[in-house]
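J.: Here you go, final-v5.txt (compact mmCIF, C-alpha atoms):
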```
# COMPACT_ATOMS: atom_id res chain seq x y z
CA MET A 1 264.40 36.20 14.56
CA VAL A 2 261.41 34.39 16.06
CA GLY A 3 259.47 31.23 15.31
CA HIS A 4 258.97 27.58 16.21
CA VAL A 5 261.94 25.44 17.24
CA ASP A 6 264.06 24.15 14.35
CA HIS A 7 262.46 26.35 11.69
CA GLY A 8 265.85 27.81 10.70
CA LYS A 9 266.36 31.01 12.70
CA THR A 10 270.03 30.42 13.50
CA THR A 11 270.75 29.24 9.93
CA LEU A 12 269.18 32.40 8.49
CA VAL A 13 271.17 34.68 10.83
CA SER A 14 274.30 32.83 9.67
CA ALA A 15 273.36 33.32 6.00
CA LEU A 16 272.97 37.07 6.57
CA SER A 17 275.88 37.71 8.91
CA GLY A 18 278.33 34.84 8.46
CA GLU A 19 278.12 34.11 12.20
CA TRP A 20 276.69 31.00 13.88
CA THR A 21 275.01 32.38 17.00
CA ASP A 22 274.68 29.05 18.88
CA ARG A 23 278.02 29.18 20.74
CA HIS A 24 277.18 27.58 24.08
CA SER A 25 278.26 23.95 24.40
CA GLU A 26 274.73 22.77 25.28
CA GLU A 27 273.30 24.61 22.24
CA ILE A 28 275.79 22.93 19.91
CA LYS A 29 275.16 19.52 21.48
CA ARG A 30 271.35 19.75 21.31
CA GLY A 31 271.12 21.69 18.05
CA ILE A 32 268.79 24.37 19.44
CA SER A 33 269.17 27.95 20.67
CA ILE A 34 268.99 28.27 24.45
CA ARG A 35 270.35 31.77 25.04
CA LEU A 36 269.86 34.86 22.95
CA GLY A 37 272.30 34.95 20.07
CA TYR A 38 273.57 38.15 18.46
CA ALA A 39 275.02 39.01 15.08
CA ASP A 40 275.35 42.10 12.90
CA ALA A 41 274.79 42.13 9.14
CA THR A 42 275.56 45.03 6.81
CA PHE A 43 272.95 45.38 4.08
CA ARG A 44 274.38 46.58 0.78
CA ARG A 45 273.05 47.57 -2.64
CA CYS A 46 274.52 47.23 -6.12
CA PRO A 47 274.31 50.57 -8.00
CA VAL A 48 273.98 48.75 -11.34
CA CYS A 49 271.54 45.83 -10.87
CA LYS A 50 267.77 46.19 -10.62
CA GLU A 51 265.64 45.20 -7.61
CA PRO A 52 265.65 42.74 -5.94
CA ASP A 53 268.96 41.48 -7.42
CA CYS A 54 270.71 44.63 -6.19
CA TYR A 55 270.34 43.72 -2.48
CA THR A 56 273.15 41.76 -0.87
CA VAL A 57 275.49 41.43 2.10
CA GLU A 58 278.52 41.01 -0.18
CA GLU A 59 280.95 43.84 -0.99
CA ILE A 60 281.13 42.73 -4.63
CA CYS A 61 277.90 42.07 -6.56
CA LYS A 62 277.68 38.43 -7.65
CA HIS A 63 275.61 39.38 -10.72
CA CYS A 64 277.73 42.10 -12.34
CA GLY A 65 280.92 42.37 -10.29
CA SER A 66 280.33 45.98 -9.24
CA LYS A 67 281.37 47.29 -5.83
CA THR A 68 278.25 47.51 -3.67
CA GLU A 69 277.18 50.49 -1.56
CA GLU A 70 276.48 50.20 2.16
CA LEU A 71 272.86 50.81 3.21
CA ARG A 72 272.89 50.18 6.97
CA THR A 73 274.07 47.66 9.56
CA VAL A 74 271.29 45.64 11.17
CA SER A 75 271.62 43.77 14.46
CA PHE A 76 269.85 40.43 14.72
CA VAL A 77 268.76 38.72 17.93
CA ASP A 78 268.35 34.98 17.43
CA SER A 79 265.61 33.97 19.88
CA PRO A 80 265.10 30.37 21.03
CA GLY A 81 261.95 28.72 19.67
CA HIS A 82 261.46 26.01 22.28
CA GLU A 83 258.35 26.43 24.44
CA ALA A 84 260.35 26.14 27.67
CA LEU A 85 262.40 29.21 26.66
CA MET A 86 259.54 31.65 26.08
CA ALA A 87 260.85 34.10 28.69
CA THR A 88 264.19 34.27 26.84
CA MET A 89 262.38 35.04 23.60
CA LEU A 90 260.41 37.85 25.28
CA SER A 91 263.58 39.44 26.66
CA GLY A 92 265.04 39.49 23.15
CA ALA A 93 261.91 40.95 21.60
CA ALA A 94 261.90 43.74 24.18
CA ILE A 95 264.94 45.43 22.61
CA MET A 96 263.94 44.99 18.96
CA ASP A 97 262.43 47.41 16.41
CA GLY A 98 260.94 44.68 14.22
CA ALA A 99 260.86 40.93 13.77
CA VAL A 100 261.45 38.24 11.16
CA LEU A 101 259.01 35.37 11.78
CA LEU A 102 260.27 32.08 10.36
CA ILE A 103 257.77 29.41 9.34
CA ALA A 104 259.15 26.16 7.88
CA ALA A 105 257.40 25.03 4.69
CA SER A 106 258.14 21.42 5.63
CA GLU A 107 255.60 21.46 8.51
CA PRO A 108 251.93 22.46 8.65
CA CYS A 109 251.30 26.09 9.66
CA PRO A 110 250.92 27.18 12.40
CA GLN A 111 253.05 25.19 14.82
CA PRO A 112 252.50 25.89 18.59
CA GLN A 113 255.40 28.30 19.11
CA THR A 114 254.70 30.04 15.79
CA LYS A 115 251.36 31.03 17.33
CA GLU A 116 252.88 31.94 20.68
CA HIS A 117 255.69 34.06 19.23
CA LEU A 118 253.33 36.02 16.97
CA MET A 119 251.04 36.63 19.94
CA ALA A 120 254.03 37.76 22.02
CA LEU A 121 255.11 40.25 19.35
CA SER A 122 251.59 41.67 19.32
CA LEU A 123 251.40 41.97 23.11
CA ILE A 124 254.74 43.75 23.49
CA GLY A 125 254.02 46.12 20.62
CA ILE A 126 256.27 44.94 17.77
CA ASP A 127 254.10 45.52 14.70
CA LYS A 128 256.74 45.59 11.96
CA THR A 129 257.28 42.02 10.80
CA VAL A 130 258.58 40.15 7.78
CA ILE A 131 257.52 36.52 7.38
CA VAL A 132 259.99 34.00 5.98
CA GLN A 133 258.55 30.81 4.49
CA ASN A 134 261.73 28.83 5.02
CA LYS A 135 262.91 25.42 3.77
CA ILE A 136 261.13 25.65 0.40
CA ASP A 137 263.94 23.46 -0.96
CA LEU A 138 262.42 20.55 0.99
CA VAL A 139 258.96 20.68 -0.60
CA SER A 140 257.44 20.64 -4.09
CA ARG A 141 256.07 23.76 -5.80
CA ASP A 142 252.47 22.71 -5.13
CA GLU A 143 253.25 22.00 -1.46
CA ALA A 144 254.94 25.41 -1.12
CA ILE A 145 251.87 27.17 -2.56
CA LYS A 146 249.53 25.21 -0.27
CA HIS A 147 251.72 26.11 2.72
CA TYR A 148 251.82 29.79 1.64
CA LEU A 149 248.01 29.84 1.75
CA GLN A 150 248.15 28.30 5.25
CA ILE A 151 250.39 31.19 6.33
CA LYS A 152 248.00 33.76 4.83
CA ASP A 153 245.10 32.18 6.68
CA PHE A 154 247.10 32.03 9.94
CA VAL A 155 248.08 35.73 9.98
CA LYS A 156 244.64 37.02 8.94
CA GLY A 157 243.40 39.47 11.56
CA THR A 158 246.82 39.73 13.30
CA ILE A 159 249.55 42.40 13.30
CA ALA A 160 251.26 40.37 10.55
CA GLU A 161 248.27 40.31 8.18
CA ARG A 162 249.92 42.72 5.72
CA SER A 163 253.49 41.57 6.30
CA PRO A 164 255.43 40.43 3.23
CA ILE A 165 255.93 36.66 2.98
CA VAL A 166 259.31 35.71 1.50
CA PRO A 167 259.70 32.09 0.31
CA MET A 168 263.34 31.08 0.74
CA SER A 169 265.91 28.52 1.75
CA ALA A 170 268.21 29.83 4.47
CA GLN A 171 270.39 26.73 4.07
CA GLN A 172 270.99 27.52 0.38
CA SER A 173 270.82 31.35 0.79
CA ALA A 174 268.06 31.33 -1.85
CA ASN A 175 266.04 34.59 -2.06
CA LEU A 176 268.29 36.32 0.46
CA ASP A 177 268.13 39.43 -1.74
CA VAL A 178 264.31 39.47 -1.57
CA LEU A 179 264.45 39.15 2.22
CA ILE A 180 266.85 42.10 2.53
CA GLN A 181 264.59 44.17 0.26
CA SER A 182 261.55 43.28 2.42
CA ILE A 183 263.34 44.18 5.67
CA GLU A 184 264.49 47.50 4.18
CA GLN A 185 260.95 48.37 3.11
CA THR A 186 259.10 47.03 6.18
CA ILE A 187 261.37 47.73 9.17
CA PRO A 188 262.93 51.19 8.78
CA THR A 189 265.41 52.59 11.28
CA PRO A 190 263.30 54.45 13.89
CA LEU A 191 264.06 57.96 15.08
CA ARG A 192 265.55 58.01 18.57
CA SER A 193 266.60 60.79 20.92
CA VAL A 194 270.33 61.12 21.59
CA ASP A 195 269.95 64.14 23.87
CA GLU A 196 268.10 62.43 26.74
CA PRO A 197 269.87 60.53 29.55
CA PRO A 198 270.90 57.09 28.24
CA ILE A 199 269.01 53.90 29.07
CA MET A 200 270.14 50.42 28.07
CA HIS A 201 268.48 47.08 28.83
CA ILE A 202 271.00 44.31 29.57
CA ALA A 203 270.25 41.23 27.45
CA ARG A 204 273.58 39.41 27.99
CA SER A 205 276.47 39.67 30.47
CA PHE A 206 279.66 37.67 30.54
CA ASP A 207 283.27 37.25 31.58
CA ILE A 208 285.66 37.49 28.60
CA ASN A 209 288.72 36.25 30.51
CA LYS A 210 290.05 32.81 29.65
CA PRO A 211 290.78 30.36 32.49
CA GLY A 212 294.27 30.87 33.89
CA THR A 213 294.53 34.55 32.91
CA PRO A 214 297.04 36.30 35.24
CA ILE A 215 295.47 38.70 37.72
CA ASP A 216 297.21 41.73 36.23
CA LYS A 217 295.79 40.87 32.78
CA LEU A 218 292.16 40.37 33.84
CA LYS A 219 289.55 42.51 32.13
CA GLY A 220 286.33 43.74 33.73
CA GLY A 221 282.92 42.23 33.09
CA VAL A 222 281.04 42.94 29.84
CA ILE A 223 277.36 43.81 29.48
CA GLY A 224 275.50 43.59 26.19
CA GLY A 225 272.22 44.95 24.95
CA SER A 226 270.66 47.80 23.02
CA LEU A 227 270.79 51.50 23.85
CA LEU A 228 267.21 52.82 23.76
CA LYS A 229 268.05 56.53 23.98
CA GLY A 230 270.91 58.89 24.78
CA ARG A 231 274.58 58.18 24.14
CA LEU A 232 277.39 56.35 25.92
CA ARG A 233 281.10 57.18 25.82
CA GLU A 234 284.27 55.53 27.07
CA GLY A 235 284.97 56.78 30.59
CA ASP A 236 281.29 57.44 31.44
CA LYS A 237 280.14 56.55 34.96
CA LEU A 238 277.29 54.02 34.98
CA GLU A 239 274.60 52.91 37.38
CA ILE A 240 272.98 49.47 37.12
CA ARG A 241 269.56 48.86 38.66
CA PRO A 242 268.10 47.01 40.52
CA GLY A 243 271.75 46.07 41.18
CA ARG A 244 272.79 43.35 43.63
CA ALA A 245 271.08 41.73 46.57
CA VAL A 246 272.57 42.55 49.98
CA THR A 247 271.41 41.05 53.28
CA THR A 248 271.46 43.46 56.18
CA GLY A 249 269.81 42.97 59.55
CA GLY A 250 268.29 39.72 58.30
CA LYS A 251 266.54 41.54 55.44
CA GLU A 252 267.43 41.41 51.75
CA ILE A 253 267.69 44.73 49.94
CA TRP A 254 268.82 45.58 46.42
CA VAL A 255 271.65 48.08 46.05
CA PRO A 256 272.43 49.79 42.71
CA ILE A 257 275.83 48.98 41.20
CA GLU A 258 278.12 51.76 40.01
CA THR A 259 280.93 51.27 37.52
CA GLU A 260 282.73 52.92 34.60
CA ILE A 261 282.88 52.20 30.86
CA THR A 262 286.31 50.99 29.73
CA SER A 263 285.42 50.04 26.15
CA ILE A 264 282.49 49.89 23.72
CA MET A 265 282.07 47.38 20.90
CA ALA A 266 279.54 47.98 18.11
CA GLY A 267 279.36 46.14 14.81
CA GLY A 268 282.48 44.15 15.68
CA GLU A 269 284.58 47.30 16.09
CA ARG A 270 285.73 49.27 19.10
CA VAL A 271 284.21 52.75 19.21
CA LYS A 272 284.60 55.75 21.52
CA GLU A 273 280.91 56.66 21.52
CA VAL A 274 277.64 54.92 20.70
CA THR A 275 274.11 56.17 20.00
CA PRO A 276 270.82 54.19 19.88
CA GLY A 277 270.34 51.43 17.34
CA GLY A 278 271.92 48.00 17.09
CA LEU A 279 273.50 45.76 19.68
CA ILE A 280 276.52 46.81 21.70
CA GLY A 281 278.96 45.29 24.16
CA VAL A 282 280.11 47.53 26.98
CA GLY A 283 283.34 46.73 28.83
CA THR A 284 283.30 47.85 32.47
CA LYS A 285 285.39 47.89 35.64
CA LEU A 286 283.05 45.36 37.26
CA ASP A 287 284.48 42.24 38.84
CA PRO A 288 283.89 39.65 36.07
CA SER A 289 282.30 37.33 38.64
CA MET A 290 279.37 39.79 38.72
CA THR A 291 278.68 39.45 34.98
CA ILE A 292 279.44 35.77 34.41
CA GLU A 293 276.73 33.48 32.96
CA ASP A 294 274.28 36.29 32.11
CA SER A 295 273.90 37.15 35.80
CA LEU A 296 273.01 40.81 35.04
CA VAL A 297 270.40 40.09 32.36
CA GLY A 298 267.21 42.08 32.92
CA GLN A 299 268.87 45.04 34.62
CA CYS A 300 268.83 48.65 33.39
CA VAL A 301 271.92 50.77 32.77
CA GLY A 302 272.23 54.54 32.70
CA MET A 303 273.89 57.55 34.28
CA PRO A 304 273.83 57.63 38.11
CA GLY A 305 270.56 59.08 39.40
CA SER A 306 268.79 59.09 36.02
CA LEU A 307 267.29 55.59 35.82
CA PRO A 308 263.59 54.68 36.22
CA PRO A 309 262.38 53.48 39.64
CA THR A 310 263.02 50.01 41.02
CA TRP A 311 259.80 48.14 41.78
CA ASN A 312 259.38 45.46 44.46
CA GLU A 313 255.64 45.45 43.84
CA LEU A 314 253.80 46.21 40.62
CA SER A 315 250.31 47.37 39.84
CA ILE A 316 249.49 46.29 36.28
CA GLN A 317 246.58 47.31 34.12
CA TYR A 318 246.10 44.05 32.24
CA HIS A 319 244.11 42.07 29.71
CA LEU A 320 244.12 38.31 29.19
CA LEU A 321 244.05 36.30 26.00
CA GLU A 322 240.91 34.27 25.36
CA ARG A 323 242.83 31.03 24.92
CA VAL A 324 246.30 29.68 25.69
CA VAL A 325 248.45 29.53 22.57
CA GLY A 326 251.66 27.56 22.15
CA VAL A 327 250.15 24.24 23.24
CA ALA A 328 248.99 21.35 21.07
CA LYS A 329 245.45 21.62 22.45
CA GLU A 330 244.38 25.17 23.21
CA VAL A 331 242.39 25.79 26.39
CA GLU A 332 240.52 28.77 27.76
CA ILE A 333 242.36 31.02 30.20
CA PRO A 334 240.75 31.25 33.66
CA THR A 335 240.88 34.55 35.55
CA ILE A 336 243.94 35.41 37.63
CA LYS A 337 243.46 34.57 41.31
CA VAL A 338 244.87 36.08 44.50
CA GLY A 339 247.77 33.99 45.78
CA GLU A 340 248.80 32.43 42.48
CA SER A 341 252.31 32.80 41.04
CA ILE A 342 252.71 34.36 37.62
CA MET A 343 255.71 35.13 35.43
CA LEU A 344 256.26 38.74 34.37
CA SER A 345 258.53 40.00 31.59
CA ALA A 346 259.30 43.74 31.51
CA GLY A 347 262.04 44.91 29.18
CA THR A 348 264.70 42.20 29.31
CA ALA A 349 263.80 41.32 32.91
CA THR A 350 261.84 38.22 33.83
CA THR A 351 260.65 37.74 37.40
CA MET A 352 258.10 35.78 39.39
CA GLY A 353 255.29 37.48 41.22
CA GLU A 354 252.66 36.56 43.78
CA VAL A 355 249.26 38.09 43.07
CA ARG A 356 248.08 40.14 46.06
CA ARG A 357 244.97 41.84 44.63
CA VAL A 358 242.82 41.43 41.53
CA THR A 359 240.17 43.69 39.95
CA LYS A 360 238.62 43.60 36.49
CA GLU A 361 241.26 46.02 35.22
CA THR A 362 244.34 45.74 37.46
CA ILE A 363 246.41 43.23 39.41
CA ASP A 364 248.82 43.99 42.25
CA VAL A 365 251.82 41.69 42.35
CA LYS A 366 254.60 41.18 44.93
CA LEU A 367 257.81 40.44 43.01
CA SER A 368 260.33 37.77 43.97
CA ARG A 369 263.03 39.84 42.25
CA PRO A 370 262.66 43.61 41.69
CA VAL A 371 262.64 45.20 38.25
CA CYS A 372 263.74 48.62 37.03
CA ALA A 373 261.13 50.00 34.63
CA GLU A 374 259.33 53.18 33.70
CA GLU A 375 255.66 53.70 34.53
CA GLY A 376 253.69 52.83 31.41
CA SER A 377 256.14 50.08 30.39
CA ARG A 378 254.64 46.99 28.79
CA VAL A 379 254.59 43.76 30.78
CA ALA A 380 253.99 40.25 29.42
CA ILE A 381 252.18 37.84 31.76
CA GLY A 382 252.81 34.09 31.87
CA ARG A 383 251.24 31.20 33.78
CA LYS A 384 252.38 27.62 34.32
CA ILE A 385 250.22 25.25 32.32
CA ARG A 386 251.02 21.52 32.15
CA ALA A 387 254.48 22.08 33.66
CA ARG A 388 255.40 24.80 31.10
CA TRP A 389 255.20 28.58 31.27
CA HIS A 390 252.90 30.05 28.64
CA LEU A 391 251.89 33.54 27.65
CA ILE A 392 248.38 34.37 28.92
CA GLY A 393 248.18 38.16 28.67
CA ALA A 394 249.88 41.52 28.94
CA GLY A 395 249.53 44.94 30.50
CA VAL A 396 251.23 48.17 31.47
CA ILE A 397 252.72 49.36 34.77
CA VAL A 398 250.48 51.93 36.46
```
What would the structure in this file look like if it were written as structure tokens?
T.:
Amino acid sequence: MVGHVDHGKTTLVSALSGEWTDRHSEEIKRGISIRLGYADATFRRCPVCKEPDCYTVEEICKHCGSKTEELRTVSFVDSPGHEALMATMLSGAAIMDGAVLLIAASEPCPQPQTKEHLMALSLIGIDKTVIVQNKIDLVSRDEAIKHYLQIKDFVKGTIAERSPIVPMSAQQSANLDVLIQSIEQTIPTPLRSVDEPPIMHIARSFDINKPGTPIDKLKGGVIGGSLLKGRLREGDKLEIRPGRAVTTGGKEIWVPIETEITSIMAGGERVKEVTPGGLIGVGTKLDPSMTIEDSLVGQCVGMPGSLPPTWNELSIQYHLLERVVGVAKEVEIPTIKVGESIMLSAGTATTMGEVRRVTKETIDVKLSRPVCAEEGSRVAIGRKIRARWHLIGAGVIV
């Protein structure tokens, strides 16, 4: 779920899944998403009703009372829309197969982060999108049609040009059946290999123990994310890279972390084994202080000795956007210069880098924090503009 701040992403996830993904105290207080939120929704189909009335998330059809049939369970990542949280949005998009772009009918289209999020999806290669024209209950019919034409004009020439546009009210759950139908038709479940060594990007990590839990009752840290390939089982040995920073001889080095799977949660249920697709939570034997407050976000998980290399420096074959998007007044993007600091997002990892060398095709960057990534992986490039980080381009690791 991507889009401008306050366009209804969290409300729509709640309508589909029954879960409110803003759980952090600061999110509840401010009314915006700050961290990535997760929820699973099981899409179902009534065997009696015609399309689109047959699509639902309910076990009993509200139209005819028939028992519905399960189609598939879909995991949703609720990304923050605020401009200051662009890096968080990119880390969520990195583990997704498709995107739902929300655009509120109550505001002119496009808003700054609507532009930036669509550009980000394009740069990181997510080309399967469904557009939701949300909050149609707040505007008249004529205003909704005018806004729909604004959306069509906005997406012309982009990856979303042929994406379905679903007018709906997430607050009232209006047209939820049409949205499910559009997702089913536009974002199919991709084929993934289960026979290769597993790789998972960590998008959340946390301590599940409540304050005051006795030592003998403490549970190990939990890591959450999406398995890209392979399979994981309870009892498997794991390696986490880049790992943890260790200072030795006055020099900081990163040492991989090894642990063991104690439990796996998928779709709200404990399972013995998991294959690619959807969001999972993996219980480990890690000291919970190592996973608290998303401290392992951006790391890669796999079997010992099978993970991609850890990079302290990157060479990136890049291209820049013509103009900065996501700001009220768009400006041209100057070339990258040696010595400047840029923000890089690879997978779920976000790190700062100092530019050491620039050519017309590549940049060499010294990283402040190493990343674990395969050669050929996509990288999003950000620059600080008017005290905010904004997307300025993308590339691949070479």
J.: Quick one: residues within 8 Å of segment 195-202 of chain A, all atoms listed in the file counted, chain neighbours fewer than 4 positions away excluded, as a list in words?
T.: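 So, after excluding close chain neighbours, the residues are Ile95, Ile223, Gly224, Gly225, Ser226, Leu227, Leu228, Lys229, Gly230, Arg231, Leu232, Leu296, Val297, Gly298, Gln299, Cys300, Val301, Gly302, Met303, Ser306, Leu307, Gly347 and Thr348 of chain A.
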J.: Would you list the contacts of Gly65 of chain A as a list of chain:residue names, taking every protein, DNA or RNA residue within 12 Å and counting only C-alpha atoms, but skipping same-chain residues closer than 4 positions in sequence?
T.: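 Using only C-alpha atoms, the neighbours found are A:Cys46, A:Pro47, A:Val48, A:Cys49, A:Cys54, A:Glu58, A:Glu59, A:Ile60, A:Cys61.
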J.: For segment 174-183 of chain A, work out the shell of residues within 6 Å, counting all atoms listed in the file and skipping chain neighbours fewer than 3 positions away, then give it as a count of residues only.
T.: 7
J.: Residues near segment 152-158 of chain A, anyone? I mean within 9 Å using only C-alpha atoms, not counting same-chain ones fewer than 4 positions away, as a list in words.
T.: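 Counting only C-alpha atoms, the residues come to Cys109, Pro110, Lys115, Leu118, Met119, Ser122, His147, Tyr148, Arg162, Ser163 and Ile165 of chain A.
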J.: Give the answer as one residue: which of A:Gly353, A:Pro308, A:Gly243, A:Gly393 has the shortest atom-to-atom distance to Gly376 of chain A, using all atoms listed in the file?
T.: A:Pro308
J.: For Leu367 of chain A, which residue among A:Leu102, A:Ala349, A:Val246, A:Leu123 is the nearest when counting all atoms listed in the file?
T.: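 Of A:Leu102, A:Ala349, A:Val246, A:Leu123, the one nearest Leu367 of chain A, counting all atoms listed in the file, is A:Ala349.
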J.: Could you list as a list in words every residue that has an atom within 7 Å of (265.1, 31.9, 9.9), using the file's coordinates and counting all atoms listed in the file?
T.: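 Those within range, by chain then number, are Met1, His7, Gly8, Lys9, Thr10, Thr11, Leu12, Val13, Leu102, Val132, Asn134 and Ala170 of chain A.
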J.: Find the residue from A:Gly283, A:Gly250, A:Gly278, A:Gly212 that sits nearest to Asp236 of chain A; use only C-alpha atoms when measuring.
T.: A:Gly283
J.: Take atom CA of Glu322 of chain A and atom CA of Arg378 of chain A and report the distance between them in Å, one decimal.
T.: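 Pair atom CA of Glu322 of chain A / atom CA of Arg378 of chain A returns 19.0 Å.
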J.: From the set A:Lys337, A:Arg141, A:Arg72, A:Lys219, which residue has the shortest atom-to-atom contact distance to Pro288 of chain A, counting only C-alpha atoms?
T.: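 Closest residue, counting only C-alpha atoms: A:Lys219.
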J.: State, in Å with one decimal place, the distance from atom CA of Ala15 of chain A to atom CA of Arg192 of chain A.
T.: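 Spanning atom CA of Ala15 of chain A to atom CA of Arg192 of chain A is a straight-line distance of 28.8 Å.
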J.: Would you mind telling me which residue in A:Val271, A:Leu101, A:Thr291, A:Gln317 lies nearest to Ala120 of chain A when using all atoms listed in the file?
T.: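 Distance minimum relative to Ala120 of chain A lands on A:Leu101.
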J.: So, with only C-alpha atoms as the atoms that count, which of A:Thr68, A:Ser345, A:Ser368, A:Thr362 lies closest to His319 of chain A?
T.: A:Thr362
J.: Could you pull the residues within 8 Å of Gly98 of chain A, counting all atoms listed in the file, minus those fewer than 3 positions along the same chain, as a list of chain:residue names?
T.: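 Result of the neighbour search: A:Ile126, A:Asp127, A:Lys128, A:Thr129, A:Ile187.
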J.: Is it possible to get the residues within 12 Å of (246.5, 31.0, 45.7) (coordinates as in the file, counting all atoms listed in the file) written as an NGL selection string?
T.: :A and (336-342 or 353-358)
J.: For atom CA of Ala39 of chain A and atom CA of Val77 of chain A, determine how far apart the two atoms are, in Å to one decimal place.
T.: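 The value is 6.9 Å.
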